[in-house]
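Text of coords_36.cif, listed as mmCIF, C-alpha atoms:
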data_work
loop_
_atom_site.group_PDB
_atom_site.id
_atom_site.type_symbol
_atom_site.label_atom_id
_atom_site.label_comp_id
_atom_site.auth_asym_id
_atom_site.auth_seq_id
_atom_site.Cartn_x
_atom_site.Cartn_y
_atom_site.Cartn_z
ATOM 1 C CA MET A 1 0.000 0.000 0.000
ATOM 2 C CA GLN A 2 1.339 3.394 -0.976
ATOM 3 C CA LEU A 3 1.382 5.558 2.147
ATOM 4 C CA ASP A 4 0.355 9.181 1.613
ATOM 5 C CA MET A 5 1.628 11.300 4.495
ATOM 6 C CA ASN A 6 -0.865 14.005 3.582
ATOM 7 C CA LEU A 7 -3.651 11.590 4.505
ATOM 8 C CA LEU A 8 -2.074 10.979 7.904
ATOM 9 C CA THR A 9 -1.916 14.726 8.524
ATOM 10 C CA ALA A 10 -5.527 15.118 7.381
ATOM 11 C CA LEU A 11 -6.631 12.239 9.611
ATOM 12 C CA ASP A 12 -4.898 13.832 12.584
ATOM 13 C CA ALA A 13 -6.687 17.138 11.953
ATOM 14 C CA LEU A 14 -10.062 15.447 11.476
ATOM 15 C CA LEU A 15 -9.735 13.486 14.704
ATOM 16 C CA GLU A 16 -8.608 16.532 16.681
ATOM 17 C CA GLU A 17 -11.226 18.927 15.305
ATOM 18 C CA GLY A 18 -14.114 16.482 14.900
ATOM 19 C CA SER A 19 -15.386 18.162 11.755
ATOM 20 C CA VAL A 20 -14.452 18.648 8.123
ATOM 21 C CA ALA A 21 -14.715 22.437 8.397
ATOM 22 C CA GLY A 22 -12.537 22.580 11.512
ATOM 23 C CA ALA A 23 -9.892 20.308 9.997
ATOM 24 C CA ALA A 24 -9.870 22.368 6.794
ATOM 25 C CA ALA A 25 -9.336 25.590 8.728
ATOM 26 C CA ARG A 26 -6.569 23.986 10.772
ATOM 27 C CA LEU A 27 -4.652 22.854 7.673
ATOM 28 C CA HIS A 28 -5.514 25.955 5.633
ATOM 29 C CA VAL A 29 -7.293 24.034 2.862
ATOM 30 C CA THR A 30 -10.812 24.259 1.483
ATOM 31 C CA ALA A 31 -13.670 22.246 2.952
ATOM 32 C CA PRO A 32 -14.226 20.348 -0.350
ATOM 33 C CA ALA A 33 -10.550 19.362 -0.397
ATOM 34 C CA MET A 34 -10.806 18.079 3.168
ATOM 35 C CA SER A 35 -13.978 16.165 2.266
ATOM 36 C CA ARG A 36 -12.092 14.441 -0.537
ATOM 37 C CA SER A 37 -9.295 13.573 1.892
ATOM 38 C CA LEU A 38 -11.840 12.095 4.305
ATOM 39 C CA GLY A 39 -13.221 9.985 1.464
ATOM 40 C CA ARG A 40 -9.751 8.651 0.650
ATOM 41 C CA ILE A 41 -9.105 7.912 4.329
ATOM 42 C CA ARG A 42 -12.376 5.983 4.522
ATOM 43 C CA ARG A 43 -11.454 3.915 1.483
ATOM 44 C CA THR A 44 -7.942 3.260 2.807
ATOM 45 C CA THR A 45 -8.979 2.268 6.332
ATOM 46 C CA GLY A 46 -12.348 0.717 5.538
ATOM 47 C CA ASP A 47 -13.825 2.776 8.366
ATOM 48 C CA GLN A 48 -16.138 5.821 8.335
ATOM 49 C CA ILE A 49 -13.869 7.696 10.815
ATOM 50 C CA LEU A 50 -16.517 10.403 11.427
ATOM 51 C CA VAL A 51 -20.274 9.847 11.199
ATOM 52 C CA ARG A 52 -22.974 12.482 11.345
ATOM 53 C CA THR A 53 -25.028 12.647 14.534
ATOM 54 C CA GLY A 54 -27.601 15.375 14.149
ATOM 55 C CA ARG A 55 -25.656 18.553 13.368
ATOM 56 C CA THR A 56 -22.322 17.241 14.608
ATOM 57 C CA MET A 57 -19.827 14.576 13.596
ATOM 58 C CA THR A 58 -19.019 11.706 15.962
ATOM 59 C CA PRO A 59 -15.802 9.654 15.747
ATOM 60 C CA THR A 60 -16.159 5.909 15.290
ATOM 61 C CA PRO A 61 -14.715 3.461 17.853
ATOM 62 C CA TYR A 62 -11.804 2.832 15.471
ATOM 63 C CA ALA A 63 -11.114 6.557 15.183
ATOM 64 C CA ILE A 64 -11.124 6.940 18.964
ATOM 65 C CA ALA A 65 -8.759 3.995 19.329
ATOM 66 C CA VAL A 66 -6.137 5.345 16.908
ATOM 67 C CA ARG A 67 -6.422 9.083 17.674
ATOM 68 C CA ALA A 68 -3.447 9.325 20.042
ATOM 69 C CA GLN A 69 -1.277 7.066 17.873
ATOM 70 C CA VAL A 70 -2.007 9.083 14.742
ATOM 71 C CA HIS A 71 -1.219 12.361 16.504
ATOM 72 C CA GLU A 72 2.096 11.060 17.807
ATOM 73 C CA LEU A 73 3.049 9.658 14.396
ATOM 74 C CA VAL A 74 2.487 13.044 12.750
ATOM 75 C CA HIS A 75 4.776 14.760 15.255
ATOM 76 C CA GLN A 76 7.429 12.070 14.908
ATOM 77 C CA VAL A 77 7.445 12.422 11.129
ATOM 78 C CA ARG A 78 7.714 16.191 11.366
ATOM 79 C CA GLY A 79 10.647 15.801 13.733
ATOM 80 C CA VAL A 80 12.414 13.445 11.323
ATOM 81 C CA LEU A 81 11.858 15.679 8.317
ATOM 82 C CA ALA A 82 12.670 18.968 10.057
ATOM 83 C CA PRO A 83 16.127 20.264 9.133
ATOM 84 C CA SER A 84 18.669 19.956 11.917
ATOM 85 C CA ARG A 85 20.686 23.095 12.515
ATOM 86 C CA GLU A 86 22.119 25.065 15.385
ATOM 87 C CA LEU A 87 19.885 27.611 17.027
ATOM 88 C CA ASP A 88 20.437 31.131 15.739
ATOM 89 C CA LEU A 89 18.535 33.404 18.096
ATOM 90 C CA ALA A 90 19.206 36.512 16.039
ATOM 91 C CA THR A 91 17.288 35.084 13.081
ATOM 92 C CA LEU A 92 14.825 32.845 14.946
ATOM 93 C CA GLU A 93 11.201 33.567 14.025
ATOM 94 C CA ARG A 94 8.704 31.617 16.080
ATOM 95 C CA THR A 95 5.569 32.140 18.123
ATOM 96 C CA PHE A 96 5.363 30.356 21.466
ATOM 97 C CA THR A 97 2.018 29.840 23.165
ATOM 98 C CA LEU A 98 2.173 29.942 26.959
ATOM 99 C CA ARG A 99 -0.678 29.073 29.288
ATOM 100 C CA TRP A 100 0.307 30.570 32.619
ATOM 101 C CA HIS A 101 -1.624 31.382 35.743
ATOM 102 C CA GLU A 102 -2.777 34.993 35.504
ATOM 103 C CA SER A 103 -0.684 36.134 38.461
ATOM 104 C CA LEU A 104 2.452 34.610 36.936
ATOM 105 C CA VAL A 105 1.753 36.399 33.652
ATOM 106 C CA ALA A 106 1.481 39.718 35.501
ATOM 107 C CA LEU A 107 4.488 39.159 37.764
ATOM 108 C CA SER A 108 6.910 37.279 35.508
ATOM 109 C CA GLY A 109 5.618 37.824 31.972
ATOM 110 C CA PRO A 110 7.258 41.243 31.454
ATOM 111 C CA ALA A 111 10.668 39.951 32.577
ATOM 112 C CA LEU A 112 10.380 36.954 30.256
ATOM 113 C CA LEU A 113 9.351 39.112 27.301
ATOM 114 C CA THR A 114 12.226 41.525 27.924
ATOM 115 C CA SER A 115 14.748 38.678 27.884
ATOM 116 C CA VAL A 116 13.223 37.112 24.787
ATOM 117 C CA ARG A 117 13.237 40.365 22.820
ATOM 118 C CA ALA A 118 16.818 41.135 23.819
ATOM 119 C CA GLN A 119 18.065 37.787 22.494
ATOM 120 C CA ALA A 120 15.588 36.863 19.754
ATOM 121 C CA PRO A 121 13.640 39.852 18.438
ATOM 122 C CA GLY A 122 11.829 37.661 15.911
ATOM 123 C CA VAL A 123 10.166 35.553 18.626
ATOM 124 C CA ARG A 124 6.650 36.327 19.800
ATOM 125 C CA LEU A 125 4.990 35.194 23.030
ATOM 126 C CA ARG A 126 1.307 34.359 23.038
ATOM 127 C CA PHE A 127 -0.053 34.178 26.590
ATOM 128 C CA ILE A 128 -3.486 32.575 26.897
ATOM 129 C CA GLY A 129 -5.792 32.163 29.880
ATOM 130 C CA GLU A 130 -6.184 28.947 31.794
ATOM 131 C CA ALA A 131 -9.096 26.756 30.758
ATOM 132 C CA SER A 132 -12.067 26.225 33.094
ATOM 133 C CA VAL A 133 -11.903 22.491 32.404
ATOM 134 C CA ASP A 134 -9.026 20.064 32.010
ATOM 135 C CA ALA A 135 -7.604 20.410 28.515
ATOM 136 C CA HIS A 136 -5.009 18.648 26.399
ATOM 137 C CA GLU A 137 -3.395 21.548 24.548
ATOM 138 C CA LEU A 138 0.101 20.451 25.599
ATOM 139 C CA ARG A 139 -0.388 17.082 23.944
ATOM 140 C CA ARG A 140 -1.914 18.576 20.824
ATOM 141 C CA GLY A 141 0.906 21.070 20.463
ATOM 142 C CA GLU A 142 -1.432 24.046 20.907
ATOM 143 C CA VAL A 143 0.380 25.137 24.091
ATOM 144 C CA ASP A 144 4.172 25.125 24.323
ATOM 145 C CA LEU A 145 4.715 25.844 28.010
ATOM 146 C CA GLU A 146 2.496 25.897 31.098
ATOM 147 C CA ALA A 147 3.215 27.567 34.433
ATOM 148 C CA ASN A 148 0.824 27.110 37.349
ATOM 149 C CA ALA A 149 0.267 25.120 40.527
ATOM 150 C CA ASN A 150 -0.908 21.993 38.704
ATOM 151 C CA ARG A 151 1.342 19.002 38.134
ATOM 152 C CA PRO A 152 0.046 16.996 35.148
ATOM 153 C CA GLY A 153 0.072 13.265 35.714
ATOM 154 C CA ALA A 154 0.338 12.155 32.077
ATOM 155 C CA PRO A 155 3.575 10.249 31.363
ATOM 156 C CA ASP A 156 4.259 12.207 28.168
ATOM 157 C CA ILE A 157 4.158 15.587 29.946
ATOM 158 C CA ARG A 158 7.425 16.844 31.426
ATOM 159 C CA THR A 159 7.156 18.835 34.650
ATOM 160 C CA GLU A 160 9.694 20.611 36.812
ATOM 161 C CA LYS A 161 9.200 22.626 39.962
ATOM 162 C CA ALA A 162 10.133 26.248 39.394
ATOM 163 C CA GLY A 163 9.599 27.239 43.015
ATOM 164 C CA GLU A 164 6.937 27.651 45.654
ATOM 165 C CA THR A 165 5.190 30.384 47.595
ATOM 166 C CA ARG A 166 3.244 30.452 50.850
ATOM 167 C CA LEU A 167 -0.396 31.343 51.240
ATOM 168 C CA VAL A 168 -1.180 34.569 53.077
ATOM 169 C CA VAL A 169 -4.368 36.270 54.215
ATOM 170 C CA VAL A 170 -5.383 39.478 52.443
ATOM 171 C CA VAL A 171 -7.919 41.947 53.852
ATOM 172 C CA ARG A 172 -8.700 45.626 53.480
ATOM 173 C CA ARG A 173 -7.074 48.161 55.760
ATOM 174 C CA GLY A 174 -9.312 48.563 58.783
ATOM 175 C CA HIS A 175 -10.708 45.043 58.602
ATOM 176 C CA PRO A 176 -11.216 43.539 62.102
ATOM 177 C CA LEU A 177 -8.611 40.868 61.376
ATOM 178 C CA ALA A 178 -6.083 43.564 60.477
ATOM 179 C CA ARG A 179 -6.688 45.279 63.811
ATOM 180 C CA ALA A 180 -6.398 42.102 65.879
ATOM 181 C CA ARG A 181 -3.191 41.694 67.860
ATOM 182 C CA THR A 182 -2.931 38.040 66.830
ATOM 183 C CA LEU A 183 -4.679 36.321 63.953
ATOM 184 C CA THR A 184 -5.792 32.937 65.249
ATOM 185 C CA ALA A 185 -7.294 30.087 63.254
ATOM 186 C CA ARG A 186 -10.598 30.592 65.086
ATOM 187 C CA ARG A 187 -10.782 34.297 64.200
ATOM 188 C CA TYR A 188 -9.806 33.495 60.633
ATOM 189 C CA ALA A 189 -12.524 30.831 60.332
ATOM 190 C CA ALA A 190 -15.193 33.113 61.814
ATOM 191 C CA ALA A 191 -14.751 35.732 59.074
ATOM 192 C CA GLU A 192 -16.493 35.692 55.690
ATOM 193 C CA HIS A 193 -14.311 34.605 52.786
ATOM 194 C CA VAL A 194 -13.928 34.847 49.014
ATOM 195 C CA THR A 195 -12.016 32.186 47.067
ATOM 196 C CA VAL A 196 -10.431 32.060 43.634
ATOM 197 C CA SER A 197 -11.638 29.265 41.363
ATOM 198 C CA ARG A 198 -12.070 29.148 37.601
ATOM 199 C CA ARG A 199 -14.661 26.426 38.139
ATOM 200 C CA GLY A 200 -16.506 28.139 40.969
ATOM 201 C CA ASN A 201 -15.349 25.748 43.704
ATOM 202 C CA LEU A 202 -16.257 26.969 47.175
ATOM 203 C CA GLY A 203 -13.755 24.775 49.009
ATOM 204 C CA ASN A 204 -10.013 24.073 48.786
ATOM 205 C CA ALA A 205 -7.067 22.934 50.887
ATOM 206 C CA VAL A 206 -7.704 25.693 53.441
ATOM 207 C CA ASP A 207 -11.025 24.093 54.381
ATOM 208 C CA GLU A 208 -9.335 20.723 54.840
ATOM 209 C CA ALA A 209 -6.791 22.280 57.205
ATOM 210 C CA LEU A 210 -9.559 23.997 59.185
ATOM 211 C CA ALA A 211 -11.531 20.760 59.417
ATOM 212 C CA GLN A 212 -8.547 19.088 61.081
ATOM 213 C CA LEU A 213 -8.841 21.736 63.814
ATOM 214 C CA GLY A 214 -12.587 21.219 64.138
ATOM 215 C CA LEU A 215 -13.271 24.542 62.399
ATOM 216 C CA SER A 216 -15.071 25.627 59.239
ATOM 217 C CA ARG A 217 -15.363 28.912 57.396
ATOM 218 C CA ARG A 218 -18.126 30.574 55.405
ATOM 219 C CA VAL A 219 -17.224 31.234 51.767
ATOM 220 C CA VAL A 220 -19.755 33.739 50.475
ATOM 221 C CA ALA A 221 -18.336 34.175 46.963
ATOM 222 C CA THR A 222 -15.917 32.772 44.430
ATOM 223 C CA ALA A 223 -14.106 34.753 41.741
ATOM 224 C CA PRO A 224 -12.650 33.365 38.503
ATOM 225 C CA THR A 225 -9.444 35.408 38.778
ATOM 226 C CA GLU A 226 -7.276 36.767 41.564
ATOM 227 C CA ALA A 227 -7.731 40.311 40.263
ATOM 228 C CA ALA A 228 -11.485 40.019 40.782
ATOM 229 C CA ALA A 229 -11.009 38.415 44.203
ATOM 230 C CA PHE A 230 -8.811 41.308 45.319
ATOM 231 C CA ALA A 231 -11.646 43.695 44.414
ATOM 232 C CA PHE A 232 -14.039 41.693 46.587
ATOM 233 C CA ALA A 233 -11.586 41.821 49.493
ATOM 234 C CA ARG A 234 -11.158 45.564 49.044
ATOM 235 C CA ASP A 235 -14.804 46.544 48.612
ATOM 236 C CA CYS A 236 -16.835 43.810 50.344
ATOM 237 C CA ASP A 237 -14.925 43.301 53.595
ATOM 238 C CA LEU A 238 -14.114 39.693 52.711
ATOM 239 C CA VAL A 239 -11.043 37.620 53.570
ATOM 240 C CA LEU A 240 -8.928 36.258 50.718
ATOM 241 C CA SER A 241 -6.202 33.613 50.971
ATOM 242 C CA VAL A 242 -3.736 33.711 48.060
ATOM 243 C CA PRO A 243 -0.082 32.931 47.302
ATOM 244 C CA GLU A 244 2.270 35.435 48.884
ATOM 245 C CA ALA A 245 3.856 36.216 45.520
ATOM 246 C CA THR A 246 0.521 37.467 44.220
ATOM 247 C CA ALA A 247 -0.212 39.459 47.351
ATOM 248 C CA ARG A 248 3.108 41.322 47.187
ATOM 249 C CA ALA A 249 2.110 43.028 43.966
ATOM 250 C CA ALA A 250 -1.500 43.808 44.899
ATOM 251 C CA VAL A 251 -1.331 44.894 48.511
ATOM 252 C CA GLY A 252 0.279 48.279 47.979
ATOM 253 C CA GLU A 253 -1.672 49.155 44.861
ATOM 254 C CA LEU A 254 -5.121 48.320 46.262
ATOM 255 C CA GLY A 255 -4.752 49.427 49.872
ATOM 256 C CA LEU A 256 -4.880 45.913 51.262
ATOM 257 C CA VAL A 257 -3.048 44.233 54.129
ATOM 258 C CA ALA A 258 -1.291 40.853 54.005
ATOM 259 C CA LEU A 259 -1.293 38.733 57.168
ATOM 260 C CA PRO A 260 0.281 35.343 57.930
ATOM 261 C CA LEU A 261 -2.079 32.413 57.407
ATOM 262 C CA PRO A 262 -2.779 30.926 60.868
ATOM 263 C CA LEU A 263 -2.777 27.360 59.528
ATOM 264 C CA GLU A 264 -0.185 24.705 58.831
ATOM 265 C CA LEU A 265 -0.306 24.380 55.057
ATOM 266 C CA PRO A 266 2.434 23.372 52.623
ATOM 267 C CA SER A 267 3.683 26.077 50.274
ATOM 268 C CA ALA A 268 1.903 26.389 46.941
ATOM 269 C CA PRO A 269 4.133 25.005 44.167
ATOM 270 C CA VAL A 270 4.819 26.608 40.799
ATOM 271 C CA TYR A 271 5.377 24.085 38.005
ATOM 272 C CA LEU A 272 6.632 24.414 34.449
ATOM 273 C CA SER A 273 5.133 21.794 32.113
ATOM 274 C CA TRP A 274 5.640 20.879 28.461
ATOM 275 C CA HIS A 275 5.183 17.907 26.156
ATOM 276 C CA GLN A 276 8.083 15.493 25.778
ATOM 277 C CA ARG A 277 8.273 16.171 22.040
ATOM 278 C CA TYR A 278 10.042 19.437 22.926
ATOM 279 C CA ASP A 279 12.732 17.848 25.084
ATOM 280 C CA THR A 280 15.374 18.185 22.372
ATOM 281 C CA ASP A 281 13.923 21.241 20.647
ATOM 282 C CA SER A 282 16.722 23.794 21.087
ATOM 283 C CA ALA A 283 14.436 26.827 20.780
ATOM 284 C CA HIS A 284 12.007 25.417 23.309
ATOM 285 C CA ALA A 285 14.863 24.556 25.695
ATOM 286 C CA TRP A 286 16.113 28.147 25.383
ATOM 287 C CA LEU A 287 12.633 29.481 26.224
ATOM 288 C CA ARG A 288 12.338 27.147 29.217
ATOM 289 C CA GLY A 289 15.609 28.492 30.578
ATOM 290 C CA LEU A 290 14.418 32.082 30.301
ATOM 291 C CA ALA A 291 11.099 31.143 31.889
ATOM 292 C CA ARG A 292 12.882 29.623 34.885
ATOM 293 C CA ASP A 293 14.893 32.813 35.336
ATOM 294 C CA ALA A 294 11.781 35.007 35.054
ATOM 295 C CA LEU A 295 9.817 32.921 37.553
ATOM 296 C CA ALA A 296 12.630 32.626 40.093
ATOM 297 C CA PRO A 297 12.074 35.967 41.888
ATOM 298 C CA VAL A 298 8.331 35.285 42.094
ATOM 299 C CA ALA A 299 8.291 31.579 42.907
ATOM 300 C CA SER A 300 10.397 31.914 46.032
ATOM 301 C CA ASP A 301 9.118 30.831 49.399
ATOM 302 C CA ARG A 302 9.222 34.111 51.311
ATOM 303 C CA ALA A 303 6.817 35.035 54.046
ATOM 304 C CA ALA A 304 4.875 38.247 53.684
ATOM 305 C CA ALA A 305 5.369 40.921 56.261
ATOM 306 C CA PRO A 306 2.322 41.322 58.477
#

For the structure just supplied, provide its representation as C-alpha cells.
Amino acid sequence: MQLDMNLLTALDALLEEGSVAGAAARLHVTAPAMSRSLGRIRRTTGDQILVRTGRTMTPTPYAIAVRAQVHELVHQVRGVLAPSRELDLATLERTFTLRWHESLVALSGPALLTSVRAQAPGVRLRFIGEASVDAHELRRGEVDLEANANRPGAPDIRTEKAGETRLVVVVRRGHPLARARTLTARRYAAAEHVTVSRRGNLGNAVDEALAQLGLSRRVVATAPTEAAAFAFARDCDLVLSVPEATARAAVGELGLVALPLPLELPSAPVYLSWHQRYDTDSAHAWLRGLARDALAPVASDRAAAP
C-alpha cells in the first residue's frame, strides 16, 4: 500500500477537530478538499472515521482507538523531516504559546518578554488564559509551556518545579482581622471569605486544614481570577487567601493588608510543564531556561510581612 503522508496529517486534523470544516481551517485548505481527503481515508482504512449525529460529527470506535497514535506519528514524522541546525537566536522567528496562571503572567511575563526580545527579536509570546476544564493543549501542540500550581500526571508531559510560595491572608485596611493583635485560626474561620476558582469551587485545601482543627469557614463568593477576588476583598470586607507572591504586587496598589495564614499548610508550588516532544527542541529549551529565570524571583518561598 502506498502511504500518503498528507492523509495521515488530514486524519490527525479530522480526529482533533471532529469536523471537516474545523480540519480544513486547521490545515488551511478548502472544505471540499478536506472532504475528498476524508473519502480517501475511509477507502484506505475501511472505516467511516466520522459519522454524522444530528448537526455534529461523531468519531467511530476505530477513530477513537487510533487518535493518540495518529497524533504522535504526525509529530514524529515532522521531527524526522525537520532540518537539523544550530539555534540562531538573532534570526529565529517563532511564536510560542504559553498558558500561565494569571498572576504569573502579571508578575513574571514582562521579565520573560524583555529577555526574549533582547536575544531573539523575531520571537513572539502568546499568553493565553487557563481553561475552566481540564484540557489537552500540551499534547496537541497548541500550548508550548504551562506555568501554574498543577502538576500533570500524564507520562508524556514533562514537569519541573520552578519554586513555591506560601499562602497569606489578604484583607482591606481597617478590617477587624487587620486590627487584631494576633490572627488565630478561630478568628480566621469566623470571618467571611472569598475564594479564587475558575470552576466556581467553594472549598479548597484551606477548608481541609480547618476541618482538622474542628473549624469551618463561610465562603460567600468565588471569583474566577485573583484580580477580581482582590476587588471583593477591598470593597466587600471579605477575607482572601492567596499565594504570597501574588499578594506582594496587589497589597500596595489596592490598599490591602497581608497577614500570615494561621494554619499549617504546605507552600503552593509553581510548576513548568511541556510535552516530551520538545525535550530536544533547542528553541524550546532556550525558552524554558528564560522562563525559569523570570519565575525565580516570584516563585520563592518568602513570608509576607504582616

Under the PyMOL selection byres ((chain A and resi 219) around 12), which residues of this model are included? Write them out as number ranges by chain. A: 188-197, 200-204, 206-207, 216-218, 220-223, 238-241

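Closest to A:Asp88 among A:Ala120, A:Ser115, A:His275, A:Thr280 is A:Ala120, based on only C-alpha atoms.
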
So which residues touch stretch 10-13 of chain A within 10 Å, counting all atoms listed in the file, skipping near sequence neighbours fewer than 6 positions away, as a list of chain:residue names? A:Ser19, A:Val20, A:Gly22, A:Ala23, A:Ala24, A:Ala25, A:Arg26, A:Leu27, A:Met34, A:Ser35, A:Ser37, A:Leu38, A:Ile41, A:Arg42, A:Ile49, A:Ala63, A:Val66, A:Arg67, A:Ala68, A:Gln69, A:Val70, A:His71, A:Glu72, A:Leu73, A:Val74, A:Arg140

Residues of the last selection are to be written out with C-alpha atoms, as a PDB file, in the coordinates of the input.
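Wrote again-v3.pdb, looks like this:
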ATOM      1  CA  SER A  19     -15.386  18.162  11.755  1.00  0.00           C
ATOM      2  CA  VAL A  20     -14.452  18.648   8.123  1.00  0.00           C
ATOM      3  CA  GLY A  22     -12.537  22.580  11.512  1.00  0.00           C
ATOM      4  CA  ALA A  23      -9.892  20.308   9.997  1.00  0.00           C
ATOM      5  CA  ALA A  24      -9.870  22.368   6.794  1.00  0.00           C
ATOM      6  CA  ALA A  25      -9.336  25.590   8.728  1.00  0.00           C
ATOM      7  CA  ARG A  26      -6.569  23.986  10.772  1.00  0.00           C
ATOM      8  CA  LEU A  27      -4.652  22.854   7.673  1.00  0.00           C
ATOM      9  CA  MET A  34     -10.806  18.079   3.168  1.00  0.00           C
ATOM     10  CA  SER A  35     -13.978  16.165   2.266  1.00  0.00           C
ATOM     11  CA  SER A  37      -9.295  13.573   1.892  1.00  0.00           C
ATOM     12  CA  LEU A  38     -11.840  12.095   4.305  1.00  0.00           C
ATOM     13  CA  ILE A  41      -9.105   7.912   4.329  1.00  0.00           C
ATOM     14  CA  ARG A  42     -12.376   5.983   4.522  1.00  0.00           C
ATOM     15  CA  ILE A  49     -13.869   7.696  10.815  1.00  0.00           C
ATOM     16  CA  ALA A  63     -11.114   6.557  15.183  1.00  0.00           C
ATOM     17  CA  VAL A  66      -6.137   5.345  16.908  1.00  0.00           C
ATOM     18  CA  ARG A  67      -6.422   9.083  17.674  1.00  0.00           C
ATOM     19  CA  ALA A  68      -3.447   9.325  20.042  1.00  0.00           C
ATOM     20  CA  GLN A  69      -1.277   7.066  17.873  1.00  0.00           C
ATOM     21  CA  VAL A  70      -2.007   9.083  14.742  1.00  0.00           C
ATOM     22  CA  HIS A  71      -1.219  12.361  16.504  1.00  0.00           C
ATOM     23  CA  GLU A  72       2.096  11.060  17.807  1.00  0.00           C
ATOM     24  CA  LEU A  73       3.049   9.658  14.396  1.00  0.00           C
ATOM     25  CA  VAL A  74       2.487  13.044  12.750  1.00  0.00           C
ATOM     26  CA  ARG A 140      -1.914  18.576  20.824  1.00  0.00           C
TER      27      ARG A 140
END

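Taking atom CA of A:Arg117 as the reference point, atom CA of A:Thr95 is found at 12.2 Å.
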
Could you tell me how far atom CA of A:Leu145 lies from atom CA of A:His101, in Å and to one decimal? 11.4 Å

For the structure provided, state which residues fall under the PyMOL selection byres ((chain A and resi 235) around 12), and present them as a PyMOL selection string. chain A and resi 171-175+194+228-234+236-239+254-256

Who sits within 12 Å of A:Ser282, all atoms listed in the file, same chain under 2 positions skipped, as number ranges by chain: A: 84-89, 92, 277-280, 284-289

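Between atom CA of A:Trp274 and atom CA of A:Arg139 the separation is 8.4 Å.
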
Residues selected by the PyMOL selection byres ((chain A and resi 159) around 7), written as a PyMOL selection string: chain A and resi 151+157-158+160-161+271-274

Could you dump the residues just selected with C-alpha atoms as a PDB file, keeping the file's coordinate frame?
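What follows is the written file again38.pdb:
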ATOM      1  CA  ARG A 151       1.342  19.002  38.134  1.00  0.00           C
ATOM      2  CA  ILE A 157       4.158  15.587  29.946  1.00  0.00           C
ATOM      3  CA  ARG A 158       7.425  16.844  31.426  1.00  0.00           C
ATOM      4  CA  GLU A 160       9.694  20.611  36.812  1.00  0.00           C
ATOM      5  CA  LYS A 161       9.200  22.626  39.962  1.00  0.00           C
ATOM      6  CA  TYR A 271       5.377  24.085  38.005  1.00  0.00           C
ATOM      7  CA  LEU A 272       6.632  24.414  34.449  1.00  0.00           C
ATOM      8  CA  SER A 273       5.133  21.794  32.113  1.00  0.00           C
ATOM      9  CA  TRP A 274       5.640  20.879  28.461  1.00  0.00           C
TER      10      TRP A 274
END

Compile the contact shell of A:Val298 as an mmCIF file with C-alpha atoms, in the frame of the given file: residues with an atom at most 9 Å away, counting only C-alpha atoms, same-chain residues fewer than 2 positions apart removed.
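Final output, saved to selection_17.cif:
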data_model
loop_
_atom_site.group_PDB
_atom_site.id
_atom_site.type_symbol
_atom_site.label_atom_id
_atom_site.label_comp_id
_atom_site.auth_asym_id
_atom_site.auth_seq_id
_atom_site.Cartn_x
_atom_site.Cartn_y
_atom_site.Cartn_z
ATOM 1 C CA LEU A 104 2.452 34.610 36.936
ATOM 2 C CA LEU A 107 4.488 39.159 37.764
ATOM 3 C CA SER A 108 6.910 37.279 35.508
ATOM 4 C CA GLY A 163 9.599 27.239 43.015
ATOM 5 C CA GLU A 164 6.937 27.651 45.654
ATOM 6 C CA THR A 165 5.190 30.384 47.595
ATOM 7 C CA ALA A 245 3.856 36.216 45.520
ATOM 8 C CA THR A 246 0.521 37.467 44.220
ATOM 9 C CA ALA A 294 11.781 35.007 35.054
ATOM 10 C CA LEU A 295 9.817 32.921 37.553
ATOM 11 C CA ALA A 296 12.630 32.626 40.093
ATOM 12 C CA SER A 300 10.397 31.914 46.032
ATOM 13 C CA ASP A 301 9.118 30.831 49.399
#

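Considering the residues A:Val29, A:Ala247, A:Met57, A:Leu263 and counting only C-alpha atoms, A:Val170 has its shortest atom-to-atom contact with A:Ala247.
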
Which residue, A:Ala180, A:Ala227, A:Ala90, A:Val257, has the smallest gap to A:Ala118 when you use all atoms listed in the file? A:Ala90

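Nearest residue to A:Leu112 among A:Leu15, A:Asn150, A:Leu98, A:Arg52 is A:Leu98, counting only C-alpha atoms.
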
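Proximity ranking of A:Leu14, A:Leu167, A:Leu7, A:Val123 relative to A:Ile64 places A:Leu14 first, based on all atoms listed in the file.
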